[in-house]
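Chemist: Questions regarding the structure given below will be posed in turn.
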Amino acid sequence: MPNEDVTPIRQQYLEIKRDYPTTILFFRLGDFYETFDEDAETISRELDIVLTSRPIGKGARAPLAGIPYHAVENYLARLIEKGYHVAICEQMGDTPVNGLFPRKVIRVVTPGTIIEPGLLPSDANNYLVSVILDEKLAAVAYADITTGEFAATELPSESLRAELARLHPAEIIHPDNQALTDGFTGHLTPFPAWRFEPGKCEETLLVHFKASTLEGFGLKSQSLAIRAAGAILQYLKETQPDSLNLLTGFRYYSLNEFMTLDASTRRNLELEETLRGEYKDSLLGALDCTVTPMGKRMIHQWISQPLLNIEKINMRQDGVQYFFDDGMKRAELRATLKALSDLERLVNRVIAGYSQPRDLVTMRSTLKELPNVIEAIGKPIKSLPKIELSNNELSLLESSIDDDPPATLQNTGIIRSGYSQELDSVIEASKHARDWIANLEAVERERTGIKTLKVGYNKVFGYYIEISRGAAERAPENYIRKQTLVNAERFITPEMKEYETLVLNAEERIREIELRLFREVCATLSKSAYKLLGIARALAELDVLAALAEASALGGYVRPEVVDGSELEIHEGRHPVVEQSLHGERYVPNDVIFEKGEIVRVITGPNMSGKSTYLRQTALIVLMAQMGSFVPASSAKIGLVDRIFTRIGAQDEIHAGQSTFMVEMIEAANILHHATSRSLLILDEIGRGTSTYDGLSIAWGIIEYIHNHPHLRAKTLFATHYHELTQLADLLPSVRNYNVAVTEADGKVVFLHKIVAGGADKSYGIHVAQLAGLPAPVIQRANEIMLELEKTSGRAVNINPNVAQQAALFPETSPLLDELGTLDVNSLSPIEALNKLFEWQKKYLK
């Protein structure tokens with residue numbers, strides 16, 4: 001029932017706000033979006049806007065804060081970035097009902113449902129993700145309503161974090177009775193659990209796709225994926241209903257299609273951003289030579305999802321080879337592509353009904369360039385995507401939309417002359433009246449002799465004649481006084497008002513016709529959406545292939561051979577990012593050639609010598625090969641790798657209550673539990689987060705486990721400071737030692753950055769400390785202490801190969817070792833041996 005204590009507009013606001021209790025409501029009043037009550041206090045605080053108040057009835061006032069409607073994008077961006085949801089409530093229609101304009105929420109803006117071009121990253125997707133957990137299984141569905149992507153998968157729960165790290169979602173919806181654990185990027189939005197019910201979600205998908213079964217979508221028995229995908233559609237129906245028109249297709253995918261890269265590996269290899277959060281020195285930054293927004297999004301996806309299908313890898317490599325071999329063709333294509341706009345998002349704005357006139361002009365200019373793209377490609381090969389011309393759509397846009405239309409649909413001038421006879425006749429009929437008014441000022445000045453006479457227009461009075469105060473007495477008798485100003489008088493004439501009515505009525509009629517015609521053009525284009533999106537994605541793929549060819553040509557990369565075997569042969573490999581950062585200095589290349597039967601490569605050498613770079617470049621070259629790129633090497637033959645695991649550096653997670661060492665051990669455990677014989681393991685300084693003997697023991701045990709486990713035996717690069725680990729090469733047949741070559745001359749150490757066979761005999765840690773700038777007395781004292789330690793203790797830990805190949809981690813001068821050495825083991829009975837152990841335990845473990 002209406003509340004008689006508040007004004008009608010307050011009552012209207014409260015009724016609408018009741019449906020959006022946790023969302024900021026932007027309530028359209030004239031040229032402003034107003035917020036009230038707690039919403040007003042929130043945006044006043046978050047956006048630094050003045051908080052005022054408004055009368056709401058019976059002497060009461062409500063907090064009020066407003067923003068101009070034309071500046072809404074800027075304010076929306078700031079609120080969304082802070083994690084708020086905003087409901088946009090618009091005034092519907094041009095005439096009040098019972099003195100009040102009807103109003104309706106047309107959309108709810110959330111981080112995952114943004115469509116405004118100014119708020120979207122042009123080089124990355126804006127994914128809305130749905131997650132649901134069920135014991136040891138999880139399902140992920142994702143959609144990008146600006147590109148039309150819609151897909152889902154089921155995966156083991158422990159793989160969820162890696163998949164979310166790949167997608168980098170803007171927003172994650174999940175059942176409100178399931179709490180997602182910490183560590184997920186993106187804004188978390190709880191959604192009612194009943195929205196994820198199987199029957200409800202299946203029905204939602206069937207209705208949306210107008211299908212009788214989901215089998216054709218690959219969802220026959222994937223009940224969890226159905227629930228995740230169905231929940232996304234329901235969420236979009238509530239927040240952005242028009243966007244449902246964009247999701248015309250669906251894909252069920254399997255993680256088995258792509259190399260698995262967990263969050264730690266993505267971070268350690270700096271695939272999309274550096275550890276400092278910068279794009280520039282990441283792998284993406286090094287390879288991204290794309291020239292279109294569509295291509296930038298696609299190369300992001302390729303780096304994030306290396307392939308496991310050799311045929312598809314070779315197809316991509318063929319495409320790169322095509323443009324790599326012909327620099328002129330590559331340059332011509334890239335120059336042509338550079339002129340294109342973001343066709344993918346333009347098409348989806350048309351489908352969603354959010355296009356503005358200039359969007360169609362931009363689309364037209366892009367479609368006009370397609371013949372030039374085809375010409376630049378030349379005679380294509382099978383592996384290149386086929387570009388289809390869009391003549392009908394281009395013809396429609398050329399005939400219908402003016403070359404220089406207004407920015408918005410609020411103004412006329414959208415439709416080209418000659419497109420609509422109805423529109424042209426209205427314009428022609430009003431032309432005489434327009435000309436009459438346009439010439440009125442000159443005619444009246446000459447007739448009256450009043451040089452200060454002007455003809456003007458405003459929304460209140462319409463057209464008027466203005467005469468200065470001093471000349472007002474000379475106004476003709478047919479002038480009717482309308483308004484008195486400080487320095488002038490304003491008049492109208494009956495004839496002028498007649499022509500004004502003709503012009504204004506024509507303006508309104510023209511606006512109505514143009515708006516209808518514009519929407520008809522958009523509706524026609526929407527019918528070709530599938531075709532246009534196909535063109536957009538083909539252009540994106542061409543852009544990526546040409547970009548990878550460009551990066552390969554500039555970097556001196558070669559085409560790797562990817563095979564279905566266990567080979568890992570990289571000749572003169574280089575780090576793609578570090579090499580670029582040297583700015584012309586020579587990068588020292590290194591081989592990574594695993595000989596037959598080799599499993600673990602133990603790499604020793606000082607800090608700053610290049611061990612970590614060597615490890616990372618090996619992983620990056622493998623990844624680049626499987627994404628379809630050429631690689632920085634003189635040649636490479638790579639057996640298909642299913643996963644790359646890395647444990648590099650000390651990534652503290654104190655915020656999660658975990659020490660550096662705990663994080664290191666968790667990551668190591670994850671690797672040992674999930675790696676296979678086809679995985680590549682990159683382990684750097686495992687065990688350094690604890691005491692020397694603890695760390696050495698753990699590192700030793702890990703290498704043995706990788707080497708000996710029948711279902712593991714993964715190719716491993718293991719960099720370490722523990723020189724004792726080099727003894728493993730004598731004990732385990734598939735372990736090899738390598739070290740970073742160092743030369744000493746005149747008391748100075750020179751790092752050669754070359755990986756050579758054999759183990760290092762010194763760590764050169766003090767030398768590195770000297771390079772870092774430690775005071776000379778500290779360096780001198782450190783050298784003295786090291787000499788003393790070397791005198792009292794051997795540098796290597798002795799290993800007894802007869803004791804299950806485990807490290808005998810005792811100091812060489814241990815009295816226990818002395819007693820053990822004199823003990824006649826063969827003469828001891830079992831009870832005597834136990835008594836001896838008991839005696840030693842009491843004696844030495846006090």
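All residue names refer to the structure tokens as shown: chains lettered A, B, ... in order, residues numbered from 1 in each chain, ligands numbered from 1 in order.
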Could you tell me, as a PDB file with C-alpha atoms, in the first residue's frame, which residues of range 54-96 of chain A DSSP assigns to helix (DSSP H, G or I) when given the backbone?
Modeler:
```pdb
ATOM      1  CA  TYR A  69      24.214  10.893 -16.177  1.00  0.00           C
ATOM      2  CA  HIS A  70      26.779  11.789 -18.874  1.00  0.00           C
ATOM      3  CA  ALA A  71      29.657  11.068 -16.444  1.00  0.00           C
ATOM      4  CA  VAL A  72      28.309   7.750 -15.170  1.00  0.00           C
ATOM      5  CA  GLU A  73      31.067   5.569 -16.701  1.00  0.00           C
ATOM      6  CA  ASN A  74      33.824   7.115 -14.620  1.00  0.00           C
ATOM      7  CA  TYR A  75      31.910   6.696 -11.359  1.00  0.00           C
ATOM      8  CA  LEU A  76      30.776   3.184 -12.266  1.00  0.00           C
ATOM      9  CA  ALA A  77      34.363   2.141 -12.937  1.00  0.00           C
ATOM     10  CA  ARG A  78      35.486   3.287  -9.496  1.00  0.00           C
ATOM     11  CA  LEU A  79      32.614   1.558  -7.705  1.00  0.00           C
ATOM     12  CA  ILE A  80      33.032  -1.721  -9.611  1.00  0.00           C
ATOM     13  CA  GLU A  81      36.771  -1.687  -8.918  1.00  0.00           C
TER      14      GLU A  81
END
```
Chemist: Apply DSSP to the structure's backbone, then extract all residues of range 196-421 of chain A labelled strand (DSSP E or B) and return them as a PyMOL selection string.
Modeler: chain A and resi 251-252+258+260+307+401+415
Chemist: Dump N, CA and C atoms for the selected residues as a PDB file, in the first residue's frame?
Modeler:
```
ATOM      1  N   ARG A 251      30.471 -24.547 -25.144  1.00  0.00           N
ATOM      2  CA  ARG A 251      31.518 -25.559 -25.365  1.00  0.00           C
ATOM      3  C   ARG A 251      31.860 -26.228 -24.043  1.00  0.00           C
ATOM      4  N   TYR A 252      31.798 -27.561 -24.045  1.00  0.00           N
ATOM      5  CA  TYR A 252      32.315 -28.302 -22.896  1.00  0.00           C
ATOM      6  C   TYR A 252      33.763 -28.664 -23.214  1.00  0.00           C
ATOM      7  N   PHE A 258      44.728 -29.342 -22.767  1.00  0.00           N
ATOM      8  CA  PHE A 258      45.752 -28.326 -22.598  1.00  0.00           C
ATOM      9  C   PHE A 258      46.767 -28.739 -21.530  1.00  0.00           C
ATOM     10  N   THR A 260      48.643 -28.461 -18.216  1.00  0.00           N
ATOM     11  CA  THR A 260      48.218 -27.927 -16.929  1.00  0.00           C
ATOM     12  C   THR A 260      49.323 -27.055 -16.336  1.00  0.00           C
ATOM     13  N   LEU A 307      48.970 -26.363 -25.896  1.00  0.00           N
ATOM     14  CA  LEU A 307      48.219 -27.506 -26.408  1.00  0.00           C
ATOM     15  C   LEU A 307      48.875 -28.842 -26.085  1.00  0.00           C
ATOM     16  N   ILE A 401      23.726   4.223 -42.597  1.00  0.00           N
ATOM     17  CA  ILE A 401      24.278   5.067 -41.536  1.00  0.00           C
ATOM     18  C   ILE A 401      25.086   6.212 -42.128  1.00  0.00           C
ATOM     19  N   ILE A 415      20.761   8.600 -39.803  1.00  0.00           N
ATOM     20  CA  ILE A 415      20.478   7.845 -41.029  1.00  0.00           C
ATOM     21  C   ILE A 415      20.862   8.649 -42.263  1.00  0.00           C
TER      22      ILE A 415
END
```
Chemist: Residues within 8 Å of Leu394 in chain A, please, as a list of chain:residue names. Count only C-alpha atoms; anything in the same chain fewer than 2 positions from it doesn't count.
Modeler: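 Listing them by chain and then by number gives A:Arg364, A:Leu367, A:Lys368, A:Ser390, A:Asn391, A:Asn392, A:Leu396, A:Leu397, A:Glu398.
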Chemist: Okay, now the selection with N, CA, C and O atoms, as a PDB file, in the first residue's frame?
Modeler:
```pdb
ATOM      1  N   ARG A 364      31.514  -0.625 -39.897  1.00  0.00           N
ATOM      2  CA  ARG A 364      31.538  -0.486 -41.355  1.00  0.00           C
ATOM      3  C   ARG A 364      32.969  -0.334 -41.870  1.00  0.00           C
ATOM      4  O   ARG A 364      33.360  -0.977 -42.841  1.00  0.00           O
ATOM      5  N   LEU A 367      34.670  -3.786 -41.720  1.00  0.00           N
ATOM      6  CA  LEU A 367      34.219  -4.713 -42.771  1.00  0.00           C
ATOM      7  C   LEU A 367      34.734  -4.278 -44.147  1.00  0.00           C
ATOM      8  O   LEU A 367      34.995  -5.110 -45.021  1.00  0.00           O
ATOM      9  N   LYS A 368      34.912  -2.969 -44.325  1.00  0.00           N
ATOM     10  CA  LYS A 368      35.408  -2.451 -45.602  1.00  0.00           C
ATOM     11  C   LYS A 368      36.860  -2.867 -45.840  1.00  0.00           C
ATOM     12  O   LYS A 368      37.316  -2.931 -46.987  1.00  0.00           O
ATOM     13  N   SER A 390      31.881  -9.901 -45.954  1.00  0.00           N
ATOM     14  CA  SER A 390      30.575  -9.625 -45.361  1.00  0.00           C
ATOM     15  C   SER A 390      29.884  -8.542 -46.182  1.00  0.00           C
ATOM     16  O   SER A 390      29.559  -7.468 -45.685  1.00  0.00           O
ATOM     17  N   ASN A 391      29.664  -8.847 -47.452  1.00  0.00           N
ATOM     18  CA  ASN A 391      29.174  -7.833 -48.393  1.00  0.00           C
ATOM     19  C   ASN A 391      27.777  -7.323 -48.059  1.00  0.00           C
ATOM     20  O   ASN A 391      27.501  -6.132 -48.154  1.00  0.00           O
ATOM     21  N   ASN A 392      26.874  -8.234 -47.690  1.00  0.00           N
ATOM     22  CA  ASN A 392      25.497  -7.807 -47.399  1.00  0.00           C
ATOM     23  C   ASN A 392      25.458  -6.872 -46.201  1.00  0.00           C
ATOM     24  O   ASN A 392      24.772  -5.840 -46.210  1.00  0.00           O
ATOM     25  N   LEU A 396      24.506  -2.852 -46.214  1.00  0.00           N
ATOM     26  CA  LEU A 396      23.478  -2.286 -45.333  1.00  0.00           C
ATOM     27  C   LEU A 396      24.021  -1.089 -44.555  1.00  0.00           C
ATOM     28  O   LEU A 396      23.372  -0.033 -44.481  1.00  0.00           O
ATOM     29  N   LEU A 397      25.211  -1.235 -43.992  1.00  0.00           N
ATOM     30  CA  LEU A 397      25.798  -0.157 -43.188  1.00  0.00           C
ATOM     31  C   LEU A 397      26.133   1.054 -44.057  1.00  0.00           C
ATOM     32  O   LEU A 397      25.974   2.206 -43.621  1.00  0.00           O
ATOM     33  N   GLU A 398      26.599   0.812 -45.274  1.00  0.00           N
ATOM     34  CA  GLU A 398      26.959   1.932 -46.149  1.00  0.00           C
ATOM     35  C   GLU A 398      25.737   2.709 -46.602  1.00  0.00           C
ATOM     36  O   GLU A 398      25.782   3.929 -46.753  1.00  0.00           O
TER      37      GLU A 398
END
```
Chemist: Name the residues in contact with Gly462 in chain A at a cut-off of 9 Å, using only C-alpha atoms, excluding same-chain residues fewer than 5 positions from it; report them as a PyMOL selection string.
Modeler: chain A and resi 456-457+497+500+504
Chemist: For the residues in the current selection, export C-alpha atoms as a compact mmCIF listing (two decimals), in the first residue's frame.
Modeler:
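Output (out22.txt):
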```
# COMPACT_ATOMS: atom_id res chain seq x y z
CA GLY A 456 17.33 32.69 -30.77
CA TYR A 457 15.93 29.47 -29.32
CA LYS A 497 5.24 30.21 -33.98
CA GLU A 500 8.31 26.72 -35.15
CA LEU A 504 9.71 21.02 -33.84
```
Chemist: Could you pull the residues within 12 Å of Ala40 in chain A, counting only C-alpha atoms, minus those fewer than 3 positions along the same chain, as a PyMOL selection string?
Modeler: chain A and resi 23-27+33-37+43-54+62-67
Chemist: Residues of the last selection are to be written out with N, CA and C atoms, as a PDB file, in the first residue's frame.
Modeler:
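Resulting contents of out_33.pdb:
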```pdb
ATOM      1  N   THR A  23      22.458  -3.807  -3.306  1.00  0.00           N
ATOM      2  CA  THR A  23      23.039  -3.185  -4.503  1.00  0.00           C
ATOM      3  C   THR A  23      22.832  -1.680  -4.437  1.00  0.00           C
ATOM      4  N   ILE A  24      23.835  -0.917  -4.849  1.00  0.00           N
ATOM      5  CA  ILE A  24      23.683   0.541  -4.922  1.00  0.00           C
ATOM      6  C   ILE A  24      22.727   0.857  -6.072  1.00  0.00           C
ATOM      7  N   LEU A  25      21.693   1.636  -5.791  1.00  0.00           N
ATOM      8  CA  LEU A  25      20.678   1.951  -6.801  1.00  0.00           C
ATOM      9  C   LEU A  25      20.910   3.349  -7.361  1.00  0.00           C
ATOM     10  N   PHE A  26      21.226   3.417  -8.672  1.00  0.00           N
ATOM     11  CA  PHE A  26      21.340   4.697  -9.375  1.00  0.00           C
ATOM     12  C   PHE A  26      19.955   5.020  -9.929  1.00  0.00           C
ATOM     13  N   PHE A  27      19.284   5.991  -9.326  1.00  0.00           N
ATOM     14  CA  PHE A  27      17.886   6.330  -9.595  1.00  0.00           C
ATOM     15  C   PHE A  27      17.854   7.571 -10.481  1.00  0.00           C
ATOM     16  N   TYR A  33      21.795  10.767 -11.928  1.00  0.00           N
ATOM     17  CA  TYR A  33      21.497   9.533 -11.212  1.00  0.00           C
ATOM     18  C   TYR A  33      21.640   9.869  -9.730  1.00  0.00           C
ATOM     19  N   GLU A  34      20.536   9.749  -9.001  1.00  0.00           N
ATOM     20  CA  GLU A  34      20.557  10.079  -7.577  1.00  0.00           C
ATOM     21  C   GLU A  34      20.647   8.799  -6.745  1.00  0.00           C
ATOM     22  N   THR A  35      21.302   8.891  -5.601  1.00  0.00           N
ATOM     23  CA  THR A  35      21.312   7.797  -4.619  1.00  0.00           C
ATOM     24  C   THR A  35      20.807   8.350  -3.302  1.00  0.00           C
ATOM     25  N   PHE A  36      20.178   7.478  -2.505  1.00  0.00           N
ATOM     26  CA  PHE A  36      19.572   7.916  -1.262  1.00  0.00           C
ATOM     27  C   PHE A  36      20.017   7.030  -0.099  1.00  0.00           C
ATOM     28  N   ASP A  37      19.800   7.550   1.104  1.00  0.00           N
ATOM     29  CA  ASP A  37      19.992   6.786   2.339  1.00  0.00           C
ATOM     30  C   ASP A  37      21.418   6.220   2.432  1.00  0.00           C
ATOM     31  N   ILE A  43      28.379   6.174  -1.618  1.00  0.00           N
ATOM     32  CA  ILE A  43      29.067   6.778  -2.769  1.00  0.00           C
ATOM     33  C   ILE A  43      29.692   8.123  -2.399  1.00  0.00           C
ATOM     34  N   SER A  44      29.128   8.803  -1.408  1.00  0.00           N
ATOM     35  CA  SER A  44      29.764  10.027  -0.933  1.00  0.00           C
ATOM     36  C   SER A  44      31.146   9.717  -0.364  1.00  0.00           C
ATOM     37  N   ARG A  45      31.218   8.620   0.383  1.00  0.00           N
ATOM     38  CA  ARG A  45      32.495   8.206   0.992  1.00  0.00           C
ATOM     39  C   ARG A  45      33.457   7.648  -0.046  1.00  0.00           C
ATOM     40  N   GLU A  46      32.958   6.778  -0.914  1.00  0.00           N
ATOM     41  CA  GLU A  46      33.842   6.077  -1.854  1.00  0.00           C
ATOM     42  C   GLU A  46      34.259   6.942  -3.040  1.00  0.00           C
ATOM     43  N   LEU A  47      33.383   7.872  -3.453  1.00  0.00           N
ATOM     44  CA  LEU A  47      33.655   8.668  -4.650  1.00  0.00           C
ATOM     45  C   LEU A  47      33.962  10.120  -4.341  1.00  0.00           C
ATOM     46  N   ASP A  48      33.989  10.456  -3.058  1.00  0.00           N
ATOM     47  CA  ASP A  48      34.281  11.824  -2.624  1.00  0.00           C
ATOM     48  C   ASP A  48      33.296  12.819  -3.242  1.00  0.00           C
ATOM     49  N   ILE A  49      32.001  12.482  -3.101  1.00  0.00           N
ATOM     50  CA  ILE A  49      30.917  13.334  -3.612  1.00  0.00           C
ATOM     51  C   ILE A  49      30.208  13.981  -2.429  1.00  0.00           C
ATOM     52  N   VAL A  50      29.787  15.229  -2.617  1.00  0.00           N
ATOM     53  CA  VAL A  50      29.118  15.950  -1.536  1.00  0.00           C
ATOM     54  C   VAL A  50      27.808  15.254  -1.167  1.00  0.00           C
ATOM     55  N   LEU A  51      27.619  15.053   0.121  1.00  0.00           N
ATOM     56  CA  LEU A  51      26.387  14.445   0.632  1.00  0.00           C
ATOM     57  C   LEU A  51      25.423  15.558   1.029  1.00  0.00           C
ATOM     58  N   THR A  52      24.225  15.578   0.411  1.00  0.00           N
ATOM     59  CA  THR A  52      23.194  16.562   0.764  1.00  0.00           C
ATOM     60  C   THR A  52      21.970  15.808   1.253  1.00  0.00           C
ATOM     61  N   SER A  53      20.802  16.427   1.153  1.00  0.00           N
ATOM     62  CA  SER A  53      19.566  15.738   1.553  1.00  0.00           C
ATOM     63  C   SER A  53      18.418  16.244   0.697  1.00  0.00           C
ATOM     64  N   ARG A  54      17.308  15.498   0.758  1.00  0.00           N
ATOM     65  CA  ARG A  54      16.135  15.833  -0.054  1.00  0.00           C
ATOM     66  C   ARG A  54      14.891  15.602   0.786  1.00  0.00           C
ATOM     67  N   ALA A  62      15.969  12.863   3.447  1.00  0.00           N
ATOM     68  CA  ALA A  62      16.795  11.656   3.275  1.00  0.00           C
ATOM     69  C   ALA A  62      18.158  12.066   2.706  1.00  0.00           C
ATOM     70  N   PRO A  63      19.230  11.378   3.141  1.00  0.00           N
ATOM     71  CA  PRO A  63      20.556  11.650   2.559  1.00  0.00           C
ATOM     72  C   PRO A  63      20.514  11.466   1.050  1.00  0.00           C
ATOM     73  N   LEU A  64      21.209  12.350   0.332  1.00  0.00           N
ATOM     74  CA  LEU A  64      21.177  12.340  -1.127  1.00  0.00           C
ATOM     75  C   LEU A  64      22.572  12.622  -1.676  1.00  0.00           C
ATOM     76  N   ALA A  65      22.967  11.861  -2.712  1.00  0.00           N
ATOM     77  CA  ALA A  65      24.201  12.142  -3.446  1.00  0.00           C
ATOM     78  C   ALA A  65      23.954  11.757  -4.890  1.00  0.00           C
ATOM     79  N   GLY A  66      24.316  12.625  -5.813  1.00  0.00           N
ATOM     80  CA  GLY A  66      24.026  12.354  -7.219  1.00  0.00           C
ATOM     81  C   GLY A  66      25.222  12.574  -8.118  1.00  0.00           C
ATOM     82  N   ILE A  67      25.139  11.970  -9.317  1.00  0.00           N
ATOM     83  CA  ILE A  67      26.183  12.149 -10.322  1.00  0.00           C
ATOM     84  C   ILE A  67      25.526  12.440 -11.656  1.00  0.00           C
TER      85      ILE A  67
END
```
Chemist: Could you check the closest approach to Leu532 in chain A for each of A:Gly83, A:Pro476, A:Gly148, A:Gly610 and tell me which residue wins, using only C-alpha atoms?
Modeler: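 Of all the options, A:Gly148 lies closest to Leu532 in chain A.
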Chemist: Taking only C-alpha atoms into account, which of A:Thr42, A:Ser243, A:Thr153, A:Ser341 comes nearest Leu224 in chain A?
Modeler: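 Going through A:Thr42, A:Ser243, A:Thr153, A:Ser341 one by one, the smallest distance to Leu224 in chain A is for A:Thr153.
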Chemist: Find the residue from A:Glu375, A:Asp281, A:Asp262, A:Glu149 that sits nearest to Glu163 in chain A; use only C-alpha atoms when measuring.
Modeler: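 Among the listed residues, the smallest separation from Glu163 in chain A belongs to A:Asp262.
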Chemist: From the options A:Pro560, A:Ala263, A:Leu539, A:Leu752, which residue's atoms come nearest to Ile644 in chain A, counting only C-alpha atoms?
Modeler: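 Comparing A:Pro560, A:Ala263, A:Leu539, A:Leu752 against Ile644 in chain A, the winner is A:Ala263.
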Chemist: List as a PyMOL selection string the protein and nucleic acid residues near Thr618 in chain A, meaning an atom at most 12 Å away when only C-alpha atoms are counted, but skip any in the same chain fewer than 2 places from it.
Modeler: chain A and resi 269+568-576+589-594+611-616+620-625+631-633+636+638+644-646+680-683+715-717
Chemist: Excluding Gly639 in chain A and its own-chain neighbours fewer than 3 positions away, which residues fall within 8 Å of it when counting only C-alpha atoms? Please give them as an mmCIF file with N, CA, C and O atoms, in the first residue's frame.
Modeler:
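Writing done, so here's out_22.cif:
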```
data_model
loop_
_atom_site.group_PDB
_atom_site.id
_atom_site.type_symbol
_atom_site.label_atom_id
_atom_site.label_comp_id
_atom_site.auth_asym_id
_atom_site.auth_seq_id
_atom_site.Cartn_x
_atom_site.Cartn_y
_atom_site.Cartn_z
ATOM 1 N N VAL A 562 57.949 -30.804 -32.204
ATOM 2 C CA VAL A 562 57.220 -31.353 -31.052
ATOM 3 C C VAL A 562 56.803 -32.774 -31.409
ATOM 4 O O VAL A 562 56.144 -33.000 -32.433
ATOM 5 N N VAL A 563 57.210 -33.737 -30.575
ATOM 6 C CA VAL A 563 56.985 -35.145 -30.888
ATOM 7 C C VAL A 563 56.269 -35.838 -29.734
ATOM 8 O O VAL A 563 56.250 -35.352 -28.607
ATOM 9 N N ASP A 564 55.701 -36.988 -30.040
ATOM 10 C CA ASP A 564 54.991 -37.771 -29.030
ATOM 11 C C ASP A 564 55.962 -38.747 -28.367
ATOM 12 O O ASP A 564 55.788 -39.965 -28.429
ATOM 13 N N GLY A 565 56.981 -38.199 -27.743
ATOM 14 C CA GLY A 565 57.995 -39.029 -27.088
ATOM 15 C C GLY A 565 58.472 -38.348 -25.821
ATOM 16 O O GLY A 565 57.804 -37.463 -25.285
ATOM 17 N N SER A 566 59.647 -38.771 -25.345
ATOM 18 C CA SER A 566 60.160 -38.213 -24.094
ATOM 19 C C SER A 566 61.386 -37.330 -24.310
ATOM 20 O O SER A 566 62.073 -36.970 -23.364
ATOM 21 N N GLU A 567 61.650 -36.957 -25.565
ATOM 22 C CA GLU A 567 62.843 -36.169 -25.863
ATOM 23 C C GLU A 567 62.777 -34.771 -25.237
ATOM 24 O O GLU A 567 61.709 -34.173 -25.137
ATOM 25 N N LEU A 568 63.929 -34.267 -24.856
ATOM 26 C CA LEU A 568 64.078 -32.869 -24.473
ATOM 27 C C LEU A 568 65.465 -32.445 -24.947
ATOM 28 O O LEU A 568 66.476 -32.664 -24.274
#
```
Chemist: Counting only C-alpha atoms, which residue out of A:Leu164, A:Leu100, A:Glu135, A:Ala488 sits closest to Gln11 in chain A?
Modeler: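 Smallest distance to Gln11 in chain A is found for A:Leu100.
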